[in-house]
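my_file.json (JSON, C-alpha atoms)
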[["chain", "number", "residue", "atom", "x", "y", "z"],
["A", 492, "MET", "CA", 12.08, -63.46, -62.97],
["A", 493, "ASN", "CA", 14.29, -65.89, -61.10],
["A", 494, "THR", "CA", 13.40, -65.43, -57.44],
["A", 495, "GLU", "CA", 16.52, -67.19, -56.25],
["A", 496, "ALA", "CA", 18.70, -64.73, -58.16],
["A", 497, "ALA", "CA", 16.61, -61.79, -56.94],
["A", 498, "ASN", "CA", 17.24, -62.80, -53.30],
["A", 499, "THR", "CA", 21.01, -63.33, -53.48],
["A", 500, "ASP", "CA", 21.64, -60.00, -51.75],
["A", 501, "ILE", "CA", 20.05, -61.33, -48.58],
["A", 502, "ALA", "CA", 23.19, -63.30, -47.71],
["A", 503, "THR", "CA", 25.06, -60.03, -47.23],
["A", 504, "LEU", "CA", 22.55, -58.42, -44.86],
["A", 505, "SER", "CA", 23.17, -57.95, -41.17],
["A", 506, "TYR", "CA", 20.56, -59.25, -38.74],
["A", 507, "GLU", "CA", 19.18, -55.76, -38.24],
["A", 508, "GLN", "CA", 18.96, -55.07, -41.99],
["A", 509, "ALA", "CA", 17.23, -58.40, -42.68],
["A", 510, "ARG", "CA", 14.78, -57.91, -39.82],
["A", 511, "GLU", "CA", 13.94, -54.36, -40.90],
["A", 512, "GLU", "CA", 13.28, -55.47, -44.46],
["A", 513, "LEU", "CA", 11.24, -58.44, -43.24],
["A", 514, "VAL", "CA", 9.01, -56.08, -41.26],
["A", 515, "ALA", "CA", 8.53, -53.97, -44.42],
["A", 516, "VAL", "CA", 7.68, -57.07, -46.50],
["A", 517, "VAL", "CA", 5.08, -58.19, -43.95],
["A", 518, "ALA", "CA", 3.54, -54.70, -43.95],
["A", 519, "GLN", "CA", 3.29, -54.78, -47.76],
["A", 520, "LEU", "CA", 1.65, -58.18, -47.69],
["A", 521, "GLU", "CA", -0.79, -57.13, -44.97],
["A", 522, "ALA", "CA", -1.74, -54.02, -46.95],
["A", 523, "GLY", "CA", -3.10, -56.33, -49.65],
["A", 524, "ALA", "CA", -2.46, -53.91, -52.53],
["A", 525, "ALA", "CA", -0.02, -56.16, -54.40],
["A", 526, "THR", "CA", -0.97, -58.40, -57.29],
["A", 527, "LEU", "CA", -0.84, -62.15, -56.84],
["A", 528, "GLU", "CA", 2.53, -62.33, -58.63],
["A", 529, "GLN", "CA", 3.93, -59.49, -56.50],
["A", 530, "SER", "CA", 2.57, -61.11, -53.35],
["A", 531, "LEU", "CA", 4.28, -64.40, -54.21],
["A", 532, "GLY", "CA", 7.57, -62.58, -54.76],
["A", 533, "LEU", "CA", 7.18, -60.74, -51.47],
["A", 534, "TRP", "CA", 6.35, -63.98, -49.68],
["A", 535, "GLU", "CA", 9.44, -65.71, -51.09],
["A", 536, "ARG", "CA", 11.65, -62.76, -50.15],
["A", 537, "GLY", "CA", 10.12, -62.74, -46.69],
["A", 538, "GLU", "CA", 10.88, -66.43, -46.28],
["A", 539, "ALA", "CA", 14.50, -65.82, -47.34],
["A", 540, "LEU", "CA", 14.79, -62.86, -44.96],
["A", 541, "ALA", "CA", 13.35, -64.90, -42.09],
["A", 542, "ALA", "CA", 15.87, -67.67, -42.81],
["A", 543, "ARG", "CA", 18.68, -65.10, -42.75],
["A", 544, "CYS", "CA", 17.52, -63.80, -39.38],
["A", 545, "GLU", "CA", 17.28, -67.35, -38.05],
["A", 546, "ALA", "CA", 20.83, -68.09, -39.23],
["A", 547, "TRP", "CA", 22.11, -64.99, -37.42],
["A", 548, "LEU", "CA", 20.31, -66.00, -34.24],
["A", 549, "GLN", "CA", 21.60, -69.58, -34.41],
["A", 550, "GLY", "CA", 25.14, -68.24, -34.88],
["A", 551, "ALA", "CA", 24.76, -65.94, -31.89],
["A", 552, "THR", "CA", 23.43, -68.80, -29.78],
["A", 553, "ALA", "CA", 26.36, -71.00, -30.76],
["A", 554, "ARG", "CA", 28.82, -68.25, -29.81],
["A", 555, "LEU", "CA", 27.14, -67.77, -26.44],
["A", 556, "ASP", "CA", 27.10, -71.51, -25.78],
["A", 557, "ALA", "CA", 30.80, -71.73, -26.65],
["A", 558, "ALA", "CA", 31.60, -68.85, -24.32],
["A", 559, "ARG", "CA", 29.71, -70.52, -21.47],
["A", 560, "GLU", "CA", 31.56, -73.84, -21.77],
["A", 561, "PRO", "CA", 33.88, -74.50, -18.81],
["A", 562, "ASN", "CA", 36.87, -74.90, -21.14],
["A", 563, "GLY", "CA", 35.62, -72.33, -23.65],
["A", 564, "PRO", "CA", 37.61, -69.42, -24.99],
["A", 565, "SER", "CA", 36.68, -67.13, -22.08],
["A", 566, "ALA", "CA", 37.50, -69.61, -19.31],
["A", 567, "PRO", "CA", 40.22, -68.34, -16.96],
["A", 568, "ALA", "CA", 43.51, -70.19, -17.02],
["A", 569, "SER", "CA", 44.19, -72.28, -13.90]]
Translate this structure into structure tokens?
Amino acid sequence: MNTEAANTDIATLSYEQAREELVAVVAQLEAGAATLEQSLGLWERGEALAARCEAWLQGATARLDAAREPNGPSAPAS
């Protein structure tokens, strides 16, 4: 199974969806009931989900920074 192809749906997830699924993946891994192969797949999906969450957070930070700039889009006209 191509893990990269199996994780392509992650790019379409919202931050909340990715975070919720990441929490579920971590719970599955912590339960320890998965086989080694399943655990590796879960780990890889978790890494991809974490990266998606990080990308959302970086985007939000960039938007906030831009809004705080003195000449940013929300600055009042003089």
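One distance worth recording is that between CA of Glu535 (chain A) and CA of Glu521 (chain A), which is 14.7 Å.
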Item to check | Within 12 Å of region 544-560 of chain A using all atoms listed in the file, minus same-chain residues under 2 positions, as a list in words | outcome: Ile501, Ala502, Thr503, Leu504, Ser505, Tyr506, Glu507, Gln508, Ala509, Arg510, Glu511, Glu512, Leu513, Val514, Gly537, Glu538, Ala539, Leu540, Ala541, Ala542, Asn562, Gly563, Pro564, Ser565, Ala566 and Pro567 of chain A
Put those residues in a file: C-alpha atoms, as a CSV table (one decimal), in the frame of the given file.
chain,number,residue,atom,x,y,z
A,501,ILE,CA,20.0,-61.3,-48.6
A,502,ALA,CA,23.2,-63.3,-47.7
A,503,THR,CA,25.1,-60.0,-47.2
A,504,LEU,CA,22.6,-58.4,-44.9
A,505,SER,CA,23.2,-58.0,-41.2
A,506,TYR,CA,20.6,-59.2,-38.7
A,507,GLU,CA,19.2,-55.8,-38.2
A,508,GLN,CA,19.0,-55.1,-42.0
A,509,ALA,CA,17.2,-58.4,-42.7
A,510,ARG,CA,14.8,-57.9,-39.8
A,511,GLU,CA,13.9,-54.4,-40.9
A,512,GLU,CA,13.3,-55.5,-44.5
A,513,LEU,CA,11.2,-58.4,-43.2
A,514,VAL,CA,9.0,-56.1,-41.3
A,537,GLY,CA,10.1,-62.7,-46.7
A,538,GLU,CA,10.9,-66.4,-46.3
A,539,ALA,CA,14.5,-65.8,-47.3
A,540,LEU,CA,14.8,-62.9,-45.0
A,541,ALA,CA,13.4,-64.9,-42.1
A,542,ALA,CA,15.9,-67.7,-42.8
A,562,ASN,CA,36.9,-74.9,-21.1
A,563,GLY,CA,35.6,-72.3,-23.6
A,564,PRO,CA,37.6,-69.4,-25.0
A,565,SER,CA,36.7,-67.1,-22.1
A,566,ALA,CA,37.5,-69.6,-19.3
A,567,PRO,CA,40.2,-68.3,-17.0
Next on the checklist: Could you tell me how far CA of Ser530 (chain A) sits from CA of Ala515 (chain A), in Å to one decimal place?
Outcome noted: 12.9 Å
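The two atoms in question, CA of Val516 (chain A) and CA of Leu533 (chain A), are spaced 6.2 Å apart.
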Checklist entry - Could you name the residues that touch Gly532 (chain A) at 10 Å or less, counting all atoms listed in the file, but leaving out those on the same chain fewer than 2 positions away, as a PyMOL selection string? => result chain A and resi 492-494+497-498+516+525-530+534-538
